[in-house]
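Text of coords.txt, listed as compact mmCIF, C-alpha atoms and all ligand atoms:
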```txt
# COMPACT_ATOMS: atom_id res chain seq x y z
CA MET A 8 0.00 0.00 0.00
CA SER A 9 1.26 3.47 -0.83
CA SER A 10 2.50 5.50 2.08
CA GLU A 11 0.04 8.17 0.90
CA ALA A 12 -3.01 6.02 1.71
CA PRO A 13 -4.87 7.24 4.81
CA PHE A 14 -3.61 5.72 8.05
CA GLY A 15 -5.29 6.28 11.42
CA VAL A 16 -4.41 5.76 15.06
CA TYR A 17 -7.18 4.87 17.50
CA VAL A 18 -6.54 5.34 21.23
CA HIS A 19 -9.01 3.63 23.58
CA TRP A 20 -9.57 5.01 27.09
CA PRO A 21 -11.59 2.27 28.80
CA PHE A 22 -12.95 4.13 31.82
CA CYS A 23 -16.20 5.94 32.59
CA ARG A 24 -17.57 7.74 35.63
CA ALA A 25 -20.61 5.44 35.58
CA LYS A 26 -21.79 2.67 33.28
CA CYS A 27 -24.82 3.63 31.17
CA PRO A 28 -27.42 0.82 31.22
CA TYR A 29 -27.61 0.51 27.40
CA CYS A 30 -23.87 0.47 26.69
CA ASP A 31 -21.72 -2.58 25.92
CA PHE A 32 -18.57 -0.74 24.86
CA ASN A 33 -15.36 -1.77 26.60
CA SER A 34 -15.79 0.72 29.42
CA HIS A 35 -15.29 0.24 33.14
CA VAL A 36 -15.87 2.16 36.34
CA ARG A 37 -13.01 2.25 38.86
CA HIS A 38 -14.14 3.92 42.06
CA GLY A 39 -10.68 3.51 43.56
CA GLY A 40 -9.20 5.80 40.89
CA ILE A 41 -6.86 5.18 37.98
CA ASP A 42 -3.10 5.49 37.86
CA GLU A 43 -3.07 7.74 34.80
CA ALA A 44 0.72 8.08 34.68
CA ARG A 45 1.12 4.30 34.60
CA PHE A 46 -1.47 3.98 31.85
CA LEU A 47 0.22 6.76 29.88
CA ALA A 48 3.53 4.92 30.05
CA ALA A 49 1.80 1.79 28.76
CA TYR A 50 0.17 3.70 25.86
CA LEU A 51 3.59 5.00 24.86
CA THR A 52 5.06 1.49 25.01
CA GLU A 53 2.25 0.01 22.92
CA LEU A 54 2.53 2.86 20.41
CA SER A 55 6.20 1.97 19.83
CA HIS A 56 5.14 -1.61 19.17
CA PHE A 57 2.56 -0.60 16.58
CA ALA A 58 4.96 1.89 15.01
CA SER A 59 7.33 -1.03 14.38
CA LEU A 60 4.48 -2.99 12.73
CA ALA A 61 3.51 -0.13 10.41
CA PRO A 62 6.66 1.85 9.67
CA GLY A 63 6.78 4.77 7.28
CA ARG A 64 3.06 5.55 7.28
CA ARG A 65 1.63 9.05 7.21
CA VAL A 66 -0.95 9.45 9.98
CA THR A 67 -3.97 11.29 8.61
CA SER A 68 -6.24 10.93 11.64
CA ILE A 69 -6.15 10.17 15.35
CA PHE A 70 -9.24 9.26 17.37
CA PHE A 71 -9.41 9.19 21.18
CA GLY A 72 -12.45 6.99 21.89
CA GLY A 73 -13.88 5.13 24.84
CA GLY A 74 -15.10 4.77 27.41
CA THR A 75 -14.75 8.40 28.26
CA PRO A 76 -11.49 9.90 26.93
CA SER A 77 -12.52 13.28 28.38
CA LEU A 78 -11.50 11.78 31.73
CA MET A 79 -7.88 11.89 30.49
CA SER A 80 -5.95 14.97 31.42
CA PRO A 81 -5.00 17.24 28.51
CA SER A 82 -1.31 16.63 29.22
CA THR A 83 -1.80 12.86 28.75
CA VAL A 84 -3.54 13.52 25.43
CA ALA A 85 -0.75 15.91 24.39
CA THR A 86 1.97 13.39 25.24
CA ILE A 87 0.25 10.66 23.18
CA ILE A 88 -0.13 12.99 20.18
CA GLU A 89 3.55 13.97 20.45
CA ALA A 90 4.55 10.31 20.55
CA ILE A 91 2.47 9.56 17.46
CA ALA A 92 4.16 12.47 15.67
CA ALA A 93 7.56 11.14 16.73
CA HIS A 94 6.89 7.60 15.44
CA TRP A 95 5.18 8.50 12.17
CA ASP A 96 4.82 11.45 9.84
CA LEU A 97 1.76 13.19 11.30
CA ALA A 98 0.03 15.05 8.46
CA LEU A 99 -0.14 18.80 9.04
CA ASP A 100 -3.88 18.70 8.47
CA ALA A 101 -4.46 15.48 10.43
CA GLU A 102 -7.93 15.21 11.97
CA ILE A 103 -7.56 14.66 15.73
CA THR A 104 -10.86 13.80 17.42
CA LEU A 105 -11.63 13.26 21.08
CA GLU A 106 -14.90 11.86 22.42
CA ALA A 107 -16.17 13.85 25.37
CA ASN A 108 -19.05 13.50 27.78
CA PRO A 109 -20.86 16.83 28.14
CA THR A 110 -20.63 17.39 31.89
CA SER A 111 -19.46 20.73 33.24
CA VAL A 112 -16.43 19.05 34.86
CA GLU A 113 -15.21 17.69 31.55
CA ALA A 114 -16.00 20.91 29.66
CA LYS A 115 -13.34 22.61 31.83
CA ASN A 116 -10.74 20.59 29.93
CA PHE A 117 -11.83 21.62 26.41
CA ALA A 118 -9.32 24.47 26.09
CA GLY A 119 -6.58 22.12 27.27
CA TYR A 120 -7.49 19.49 24.67
CA ARG A 121 -7.42 22.13 21.95
CA ALA A 122 -3.98 23.24 23.10
CA SER A 123 -2.80 19.61 23.09
CA GLY A 124 -3.57 19.33 19.35
CA VAL A 125 -7.12 17.93 19.32
CA ASN A 126 -9.01 19.74 16.56
CA ARG A 127 -12.36 17.94 16.56
CA LEU A 128 -14.63 17.14 19.50
CA SER A 129 -17.39 14.53 19.51
CA LEU A 130 -19.87 15.00 22.36
CA GLY A 131 -22.15 12.24 23.66
CA ILE A 132 -25.29 14.28 24.30
CA GLN A 133 -27.73 11.35 23.68
CA ALA A 134 -31.00 13.24 24.36
CA LEU A 135 -32.20 16.79 24.76
CA ASP A 136 -34.65 16.32 27.63
CA ASP A 137 -33.85 15.57 31.24
CA ARG A 138 -36.38 12.77 31.65
CA SER A 139 -34.78 10.79 28.80
CA LEU A 140 -31.27 11.54 30.03
CA LYS A 141 -32.20 10.16 33.42
CA ALA A 142 -33.72 7.05 31.83
CA LEU A 143 -30.46 6.57 29.90
CA GLY A 144 -28.50 6.83 33.16
CA ARG A 145 -26.62 9.91 32.00
CA MET A 146 -24.76 12.12 34.43
CA HIS A 147 -25.64 15.45 32.78
CA THR A 148 -28.77 17.50 32.15
CA ALA A 149 -29.82 18.80 28.74
CA ASP A 150 -28.85 22.37 29.71
CA GLU A 151 -25.43 21.18 30.86
CA ALA A 152 -24.95 19.33 27.58
CA LEU A 153 -25.96 22.36 25.50
CA ALA A 154 -23.61 24.56 27.52
CA ALA A 155 -20.79 22.07 26.85
CA LEU A 156 -21.70 22.11 23.15
CA ALA A 157 -21.59 25.91 23.01
CA LEU A 158 -18.18 25.88 24.71
CA ALA A 159 -16.94 23.15 22.36
CA LYS A 160 -17.97 25.27 19.36
CA ARG A 161 -15.93 28.17 20.73
CA HIS A 162 -12.79 26.07 21.11
CA PHE A 163 -12.92 23.68 18.14
CA GLU A 164 -13.34 24.31 14.45
CA ARG A 165 -15.10 20.94 14.11
CA VAL A 166 -17.70 19.60 16.56
CA SER A 167 -20.04 16.64 16.36
CA PHE A 168 -22.56 15.29 18.83
CA ASP A 169 -24.35 11.98 19.31
CA LEU A 170 -28.02 11.41 19.99
CA ILE A 171 -29.79 8.11 20.58
CA TYR A 172 -33.30 7.76 19.17
CA ALA A 173 -36.03 5.06 19.28
CA ARG A 174 -35.83 5.42 23.04
CA GLU A 175 -38.37 4.13 25.53
CA GLY A 176 -41.82 5.57 24.77
CA GLN A 177 -40.51 7.97 22.09
CA THR A 178 -43.08 9.05 19.49
CA ALA A 179 -42.49 10.29 15.94
CA GLY A 180 -43.77 13.75 16.95
CA GLU A 181 -41.33 13.96 19.87
CA TRP A 182 -38.36 12.91 17.74
CA ASN A 183 -39.32 15.47 15.10
CA VAL A 184 -39.19 18.26 17.68
CA GLU A 185 -36.00 16.98 19.36
CA LEU A 186 -34.12 16.50 16.10
CA ALA A 187 -35.18 19.94 14.81
CA GLN A 188 -33.79 21.40 18.04
CA ALA A 189 -30.59 19.37 17.63
CA LEU A 190 -30.18 20.63 14.07
CA ASP A 191 -30.50 24.21 15.31
CA HIS A 192 -27.51 23.54 17.57
CA ALA A 193 -25.54 21.36 15.15
CA ALA A 194 -22.13 22.42 13.90
CA ASP A 195 -20.82 20.34 10.98
CA HIS A 196 -21.56 16.75 12.03
CA LEU A 197 -24.16 14.65 13.88
CA SER A 198 -24.21 10.96 14.82
CA LEU A 199 -27.78 9.72 15.27
CA TYR A 200 -27.96 6.17 16.58
CA GLN A 201 -31.04 4.04 16.86
CA LEU A 202 -31.10 2.49 20.36
CA THR A 203 -29.73 -1.04 20.16
CA ILE A 204 -30.52 -3.49 22.93
CA GLU A 205 -27.11 -5.00 23.62
CA GLU A 206 -26.91 -8.45 25.19
CA GLY A 207 -25.81 -8.52 28.82
CA THR A 208 -26.73 -4.89 29.57
CA PRO A 209 -29.34 -3.79 32.16
CA PHE A 210 -31.48 -2.58 29.23
CA ALA A 211 -31.43 -6.09 27.75
CA ALA A 212 -32.62 -7.57 31.06
CA ARG A 213 -35.45 -5.04 31.28
CA HIS A 214 -36.36 -5.57 27.64
CA GLU A 215 -36.56 -9.29 28.18
CA ALA A 216 -38.67 -8.81 31.31
CA GLY A 217 -41.05 -6.59 29.34
CA THR A 218 -40.43 -3.48 31.45
CA LEU A 219 -38.53 -1.54 28.76
CA ARG A 220 -40.88 -0.72 25.92
CA ILE A 221 -39.06 0.62 22.88
CA PRO A 222 -40.52 1.53 19.47
CA ASP A 223 -41.40 -1.49 17.31
CA GLY A 224 -39.89 -2.05 13.87
CA GLU A 225 -42.47 0.05 12.07
CA LEU A 226 -42.13 3.07 14.35
CA ALA A 227 -38.33 2.71 14.36
CA GLY A 228 -38.45 2.80 10.54
CA GLU A 229 -40.54 5.97 10.70
CA LEU A 230 -38.05 7.56 13.11
CA TYR A 231 -35.22 6.64 10.73
CA SER A 232 -37.07 8.25 7.80
CA ILE A 233 -37.70 11.43 9.82
CA THR A 234 -33.96 11.47 10.60
CA GLN A 235 -33.03 11.27 6.92
CA GLU A 236 -35.54 13.93 5.85
CA LEU A 237 -34.78 16.52 8.51
CA CYS A 238 -31.01 16.16 8.26
CA GLU A 239 -31.06 16.32 4.49
CA ALA A 240 -33.24 19.45 4.57
CA ALA A 241 -30.82 21.04 7.06
CA GLY A 242 -27.82 20.39 4.79
CA LEU A 243 -26.39 17.45 6.80
CA PRO A 244 -27.25 14.42 4.67
CA ALA A 245 -26.39 10.90 5.82
CA TYR A 246 -23.01 9.82 4.52
CA GLU A 247 -23.25 6.62 6.57
CA ILE A 248 -26.21 4.80 8.18
CA SER A 249 -25.99 6.81 11.43
CA ASN A 250 -23.71 9.68 10.49
CA HIS A 251 -24.63 13.02 8.98
CA ALA A 252 -22.39 15.87 7.91
CA ARG A 253 -22.17 18.98 5.86
CA PRO A 254 -20.42 17.82 2.67
CA GLY A 255 -16.68 17.97 3.36
CA SER A 256 -17.11 17.65 7.14
CA GLU A 257 -17.41 13.87 7.32
CA SER A 258 -15.33 12.22 10.06
CA ARG A 259 -12.14 11.32 8.20
CA HIS A 260 -11.17 8.80 10.83
CA ASN A 261 -14.44 6.89 10.63
CA LEU A 262 -14.38 7.10 6.82
CA LEU A 263 -11.02 5.35 6.96
CA TYR A 264 -12.67 2.34 8.69
CA TRP A 265 -15.58 2.22 6.29
CA ARG A 266 -13.33 2.62 3.25
CA GLY A 267 -11.15 -0.27 4.37
CA HIS A 268 -7.92 1.59 5.06
CA ASP A 269 -5.33 0.70 7.71
CA TYR A 270 -5.26 1.77 11.33
CA ALA A 271 -3.45 0.98 14.55
CA GLY A 272 -5.56 0.70 17.70
CA ILE A 273 -3.90 1.04 21.09
CA GLY A 274 -5.31 0.65 24.60
CA ALA A 275 -7.46 -2.10 26.12
CA GLY A 276 -9.76 -3.85 23.65
CA ALA A 277 -8.62 -1.82 20.61
CA HIS A 278 -8.64 -3.28 17.11
CA SER A 279 -6.13 -2.78 14.30
CA ARG A 280 -5.99 -3.51 10.60
CA ILE A 281 -2.52 -3.30 9.15
CA ALA A 282 -1.44 -4.64 5.77
CA THR A 283 2.11 -5.82 5.34
CA ASP A 284 3.31 -7.30 2.05
CA GLY A 285 -0.22 -7.06 0.69
CA ALA A 286 -1.89 -9.18 3.39
CA LYS A 287 -4.06 -7.55 6.02
CA ARG A 288 -3.68 -8.58 9.63
CA ALA A 289 -6.38 -8.10 12.25
CA ARG A 290 -5.12 -7.55 15.77
CA SER A 291 -6.95 -6.83 19.00
CA THR A 292 -5.70 -6.18 22.49
CA LEU A 293 -6.81 -7.59 25.86
CA LYS A 294 -10.12 -6.10 26.95
CA SER A 295 -9.58 -5.85 30.70
CA PRO A 296 -7.73 -2.57 31.42
CA GLU A 297 -5.67 -4.08 34.23
CA ASP A 298 -4.76 -7.22 32.26
CA TRP A 299 -3.84 -5.04 29.29
CA LEU A 300 -1.66 -2.83 31.50
CA ALA A 301 0.16 -5.80 33.03
CA ARG A 302 0.68 -7.39 29.59
CA VAL A 303 2.06 -4.19 28.06
CA GLU A 304 4.42 -3.74 31.00
CA ALA A 305 5.61 -7.34 30.66
CA ARG A 306 5.74 -7.73 26.88
CA GLY A 307 5.65 -4.30 25.29
CA HIS A 308 2.15 -4.70 23.89
CA GLY A 309 -1.29 -5.98 24.90
CA VAL A 310 -2.11 -7.82 21.67
CA ALA A 311 -4.27 -10.84 22.48
CA SER A 312 -5.21 -11.95 18.98
CA ASP A 313 -3.35 -11.56 15.73
CA GLU A 314 -4.56 -13.16 12.53
CA ALA A 315 -4.03 -12.74 8.82
CA LEU A 316 -7.29 -12.06 7.00
CA SER A 317 -7.82 -14.29 3.98
CA ALA A 318 -8.48 -12.45 0.72
CA LYS A 319 -12.13 -13.53 0.96
CA ASP A 320 -12.49 -12.27 4.55
CA ALA A 321 -10.81 -8.97 3.69
CA ALA A 322 -13.18 -8.48 0.71
CA GLU A 323 -16.20 -9.31 2.87
CA GLU A 324 -15.09 -6.83 5.47
CA TYR A 325 -14.73 -4.16 2.76
CA LEU A 326 -18.27 -4.97 1.59
CA LEU A 327 -19.71 -4.95 5.11
CA MET A 328 -18.14 -1.64 6.03
CA GLY A 329 -18.39 0.05 2.62
CA LEU A 330 -22.08 -0.55 2.08
CA ARG A 331 -22.80 1.44 5.22
CA LEU A 332 -21.63 4.48 3.27
CA ALA A 333 -23.86 6.46 0.90
CA GLU A 334 -20.94 6.38 -1.58
CA GLY A 335 -20.85 2.55 -1.35
CA ILE A 336 -17.92 0.45 -2.54
CA ASP A 337 -15.70 0.30 -5.56
CA LEU A 338 -16.43 -2.96 -7.40
CA ALA A 339 -12.96 -3.15 -8.93
CA ARG A 340 -11.35 -2.70 -5.51
CA PHE A 341 -13.61 -5.42 -4.08
CA ALA A 342 -12.43 -7.79 -6.81
CA ALA A 343 -8.80 -6.79 -6.31
CA ILE A 344 -8.99 -7.46 -2.55
CA GLY A 345 -10.89 -10.74 -2.78
CA GLY A 346 -9.56 -12.10 -6.04
CA SER A 347 -13.05 -12.43 -7.55
CA ALA A 348 -15.94 -10.14 -8.47
CA LEU A 349 -19.40 -10.10 -6.87
CA ASP A 350 -21.88 -12.47 -8.47
CA ASP A 351 -23.60 -10.63 -11.31
CA GLU A 352 -26.89 -12.54 -11.01
CA ARG A 353 -27.25 -11.55 -7.38
CA LEU A 354 -26.40 -7.96 -8.21
CA VAL A 355 -29.10 -7.87 -10.89
CA ALA A 356 -31.69 -9.44 -8.55
CA LEU A 357 -31.01 -6.97 -5.72
CA GLU A 358 -30.98 -4.13 -8.24
CA SER A 359 -34.37 -5.09 -9.58
CA ASP A 360 -35.68 -5.23 -5.99
CA GLY A 361 -34.52 -1.61 -5.66
CA LEU A 362 -32.11 -2.41 -2.81
CA ILE A 363 -28.82 -1.57 -4.50
CA ALA A 364 -27.70 0.67 -7.36
CA ARG A 365 -24.63 0.62 -9.58
CA LYS A 366 -23.04 3.79 -10.90
CA GLY A 367 -19.93 3.28 -13.01
CA SER A 368 -17.64 1.10 -10.96
CA ARG A 369 -19.43 1.89 -7.70
CA LEU A 370 -22.09 -0.08 -5.88
CA ALA A 371 -24.24 1.45 -3.13
CA ALA A 372 -27.30 0.45 -1.12
CA THR A 373 -30.38 2.52 -1.98
CA PRO A 374 -32.28 4.20 0.91
CA GLU A 375 -34.62 1.14 0.89
CA GLY A 376 -31.59 -1.16 0.86
CA ARG A 377 -30.04 0.61 3.82
CA LEU A 378 -33.13 -0.23 5.88
CA VAL A 379 -32.41 -3.94 5.32
CA LEU A 380 -28.65 -3.69 4.94
CA ASN A 381 -27.80 -6.90 6.79
CA ARG A 382 -29.97 -8.89 4.37
CA VAL A 383 -28.40 -7.16 1.35
CA ILE A 384 -24.88 -7.88 2.58
CA LEU A 385 -25.70 -11.50 3.39
CA GLU A 386 -27.06 -12.06 -0.11
CA LEU A 387 -24.10 -10.38 -1.80
CA ALA A 388 -21.54 -12.21 0.30
CA ALA A 389 -23.24 -15.62 0.02
C1 LIG A 401 -18.36 4.74 22.85
S1 LIG A 401 -19.72 5.73 23.18
C2 LIG A 401 -18.65 6.95 23.86
C3 LIG A 401 -19.18 8.28 24.06
C4 LIG A 401 -19.08 8.85 25.45
N1 LIG A 401 -18.56 7.98 26.43
C5 LIG A 401 -20.49 9.20 25.87
O1 LIG A 401 -21.19 8.33 26.34
O2 LIG A 401 -20.85 10.36 25.69
C6 LIG A 401 -20.16 6.30 21.56
C7 LIG A 401 -21.61 6.47 21.29
O3 LIG A 401 -22.25 5.24 21.06
C8 LIG A 401 -23.63 5.40 21.24
N2 LIG A 401 -24.17 4.19 21.87
C9 LIG A 401 -23.61 3.47 22.86
N3 LIG A 401 -24.39 2.40 23.16
C10 LIG A 401 -25.47 2.47 22.33
C11 LIG A 401 -26.64 1.65 22.15
N4 LIG A 401 -26.85 0.58 22.89
N5 LIG A 401 -27.53 2.01 21.19
C12 LIG A 401 -27.30 3.11 20.43
N6 LIG A 401 -26.23 3.91 20.57
C13 LIG A 401 -25.32 3.60 21.50
C14 LIG A 401 -23.84 6.65 22.08
O4 LIG A 401 -24.49 7.63 21.33
C15 LIG A 401 -22.43 7.08 22.40
O5 LIG A 401 -22.29 8.47 22.42
S1 LIG A 402 -22.25 5.45 26.73
FE1 LIG A 402 -20.28 6.47 27.07
S2 LIG A 402 -20.34 7.11 29.25
FE2 LIG A 402 -21.92 5.60 29.00
S3 LIG A 402 -20.93 3.68 29.61
FE3 LIG A 402 -20.80 3.83 27.35
S4 LIG A 402 -18.85 4.74 26.97
FE4 LIG A 402 -19.32 5.12 29.14
```

Before we go any further, please render this structure as structure tokens.
Amino acid sequence: MSSEAPFGVYVHWPFCRAKCPYCDFNSHVRHGGIDEARFLAAYLTELSHFASLAPGRRVTSIFFGGGTPSLMSPSTVATIIEAIAAHWDLALDAEITLEANPTSVEAKNFAGYRASGVNRLSLGIQALDDRSLKALGRMHTADEALAALALAKRHFERVSFDLIYAREGQTAGEWNVELAQALDHAADHLSLYQLTIEEGTPFAARHEAGTLRIPDGELAGELYSITQELCEAAGLPAYEISNHARPGSESRHNLLYWRGHDYAGIGAGAHSRIATDGAKRARSTLKSPEDWLARVEARGHGVASDEALSAKDAAEEYLLMGLRLAEGIDLARFAAIGGSALDDERLVALESDGLIARKGSRLAATPEGRLVLNRVILELAA
């Protein structure tokens, strides 16, 4: 791969102040505190390891995700960015995003993050009314979140925020009003996620017990359509299933995942995709923060699994990720990765069902296709 291809670094901070009852991300609460200096040393060690696996790349994006990376001190963030710039060529215009929870405590660090080199903030607002925020177990009010958003917009040239819809008891009318309000506050990017009931979470237990009543498939579809219409009308069309941006303001780091480019992921439970000599390897690190820390200190990295992706698996991954995007995939690239083209009969059948569309060498899911994307991908990959 050319050294000019996008290359990203993902940094996972696996801690949160409290665990939200819907969330199954690799995030943990440590009431006894966290030895941040020790973790920082381990991040630097693991970065060196990944730099040796992917030498000579030009880093075009960095993403601090979690967990809650806004619990890291700005100096920790600055030291990690400096280390990345020392190991690789960090592009002058690299996108450097940090996920932040919108509490007033964390907002105090925004200026420090900006000074450390972060140039894009992604805020987890989730809902714009206090009753919903409480039901989601959030530790901030709507006013606090909007104040954090206003402050973020003063410090950062690029700001995104997340909302979760299809929440308990939510009606189409309510979502219309909430999303219109969100769009009034939006900067250049919005992530709008339909609530997913994740196995093993308190929400899953309540859902199973029948005490968490969320919109059924039909209403969820209506909420999705409202999302597309309002965002499009406001100039932030969907460029991916759940992500909306003013054209040109798409998250470059997330695009890199969906477009099948390489990235190094450091920290507990982080994933990497790095091609060497034409073959892509998938690595992931230990999920438990303490186990990861001990492993990095003992061995120089916390990698727990490391496998070469077969050409077929790599092509399937490109299909799976790429069809989430409005721009879709490049059919020639799919064939080059996997060694064979997609089955033409299946393409024609899905096309005549109105679920996919071909334009030149590109293939994309139609709006109808995106509603049943898993089915479309299964049929194409079969
Ligand atoms: C890794 S979380 C980190 C963000 C940050 N810790 C926060 O909560 O503000 C990224 C986003 O995933 C979304 N998310 C997490 N669990 C979800 C679920 N079960 N259904 C839908 N969206 C979810 C939320 O919108 C959240 O902001
Ligand atoms: S949604 Fe964010 S704050 Fe809540 S548990 Fe997940 S990562 Fe932590």

Next on the checklist: Neighbours of ligand LIG 402 (chain A) at 8 Å or closer, counting all atoms listed in the file: which residues, as a PyMOL selection string?
Outcome noted: chain A and resi 21-35+73-75+108+131+144-145

Could the residues in this selection be saved with C-alpha atoms as a CSV table (one decimal), keeping the file's coordinate frame?
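File written: selection_5.csv
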```csv
chain,number,residue,atom,x,y,z
A,21,PRO,CA,-11.6,2.3,28.8
A,22,PHE,CA,-13.0,4.1,31.8
A,23,CYS,CA,-16.2,5.9,32.6
A,24,ARG,CA,-17.6,7.7,35.6
A,25,ALA,CA,-20.6,5.4,35.6
A,26,LYS,CA,-21.8,2.7,33.3
A,27,CYS,CA,-24.8,3.6,31.2
A,28,PRO,CA,-27.4,0.8,31.2
A,29,TYR,CA,-27.6,0.5,27.4
A,30,CYS,CA,-23.9,0.5,26.7
A,31,ASP,CA,-21.7,-2.6,25.9
A,32,PHE,CA,-18.6,-0.7,24.9
A,33,ASN,CA,-15.4,-1.8,26.6
A,34,SER,CA,-15.8,0.7,29.4
A,35,HIS,CA,-15.3,0.2,33.1
A,73,GLY,CA,-13.9,5.1,24.8
A,74,GLY,CA,-15.1,4.8,27.4
A,75,THR,CA,-14.8,8.4,28.3
A,108,ASN,CA,-19.0,13.5,27.8
A,131,GLY,CA,-22.2,12.2,23.7
A,144,GLY,CA,-28.5,6.8,33.2
A,145,ARG,CA,-26.6,9.9,32.0
```

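Computed from the coordinates, the CA of Pro222 (chain A) to CA of Glu175 (chain A) distance equals 6.9 Å.
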
Next on the checklist: Which residues are close to region 127-129 of chain A, i.e. within 12 Å by only C-alpha atoms, leaving aside same-chain residues fewer than 5 positions away? Reply as a ChimeraX atom specification.
Outcome noted: /A:68-73,75-77,100-109,114,116-118,120-122,155-170,193-198,256-260

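With all atoms listed in the file as the atoms that count, the residue of A:Asn183, A:Ser82, A:Thr218, A:Gln133 with the shortest distance to ligand LIG 401 (chain A) is A:Gln133.
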
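Between Ala372 (chain A) and the residues A:Ala389, A:Ile384, A:Ile88, A:Ala189, the shortest atom-to-atom distance, using all atoms listed in the file, involves A:Ile384.
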
Next on the checklist: Neighbouring residues of Phe46 (chain A) were defined as those with any atom within 9 Å, considering only C-alpha atoms; residues of the same chain fewer than 4 positions away were excluded. Please report them as number ranges by chain.
Outcome noted: A: 41-42, 50-51, 274, 300

Give the centre and edge lengths of an axis-aligned box, in Å to one decimal, that holds all listed atoms of ligand LIG 401 (chain A) with 8 Å on each side, as JSON.
```
{"center_x": -22.9, "center_y": 5.5, "center_z": 23.4, "size_x": 25.2, "size_y": 25.8, "size_z": 22.0}
```

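With all atoms listed in the file as the basis for measurement, A:Leu202 is the residue among A:Ala49, A:Ala212, A:Val184, A:Leu202 that approaches ligand LIG 401 (chain A) most closely.
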
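Ranking A:Ala58, A:Leu316, A:Val36, A:Ala356 by their shortest atom-to-atom distance to ligand LIG 401 (chain A), with all atoms listed in the file included, puts A:Val36 first.
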
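The residue that comes closest to Leu378 (chain A), out of A:Gly329, A:Gly361, A:Gly124, A:Pro296 and on the basis of all atoms listed in the file, is A:Gly361.
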
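With all atoms listed in the file as the atoms that count, the residue of A:Ile204, A:Leu97, A:Val112, A:Ala154 with the shortest distance to ligand LIG 401 (chain A) is A:Ile204.
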
Next on the checklist: What does the structure give for the distance between CA of Arg369 (chain A) and CA of Ala339 (chain A), in Å to one decimal?
Outcome noted: 8.3 Å

At a cut-off of 12 Å from (4.5, 14.2, 17.5) in the coordinates of the file, what residues are picked up using only C-alpha atoms, written as a tab-separated table (two decimals) with C-alpha atoms, keeping the file's coordinate frame?
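Result written to point21.tsv:
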```tsv
chain	number	residue	atom	x	y	z
A	51	LEU	CA	3.59	5.00	24.86
A	54	LEU	CA	2.53	2.86	20.41
A	65	ARG	CA	1.63	9.05	7.21
A	66	VAL	CA	-0.95	9.45	9.98
A	69	ILE	CA	-6.15	10.17	15.35
A	84	VAL	CA	-3.54	13.52	25.43
A	85	ALA	CA	-0.75	15.91	24.39
A	86	THR	CA	1.97	13.39	25.24
A	87	ILE	CA	0.25	10.66	23.18
A	88	ILE	CA	-0.13	12.99	20.18
A	89	GLU	CA	3.55	13.97	20.45
A	90	ALA	CA	4.55	10.31	20.55
A	91	ILE	CA	2.47	9.56	17.46
A	92	ALA	CA	4.16	12.47	15.67
A	93	ALA	CA	7.56	11.14	16.73
A	94	HIS	CA	6.89	7.60	15.44
A	95	TRP	CA	5.18	8.50	12.17
A	96	ASP	CA	4.82	11.45	9.84
A	97	LEU	CA	1.76	13.19	11.30
A	98	ALA	CA	0.03	15.05	8.46
A	99	LEU	CA	-0.14	18.80	9.04
A	101	ALA	CA	-4.46	15.48	10.43
A	123	SER	CA	-2.80	19.61	23.09
A	124	GLY	CA	-3.57	19.33	19.35
```

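For the pair CA of Arg253 (chain A) and CA of Leu186 (chain A), the separation is 15.9 Å.
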
Item to check | Exercise: Leu199 (chain A) partners within 8 Å, only C-alpha atoms, chain neighbours under 6 positions left out, as an MDAnalysis selection string | outcome: chainID A and resid 169:172 234 249:251
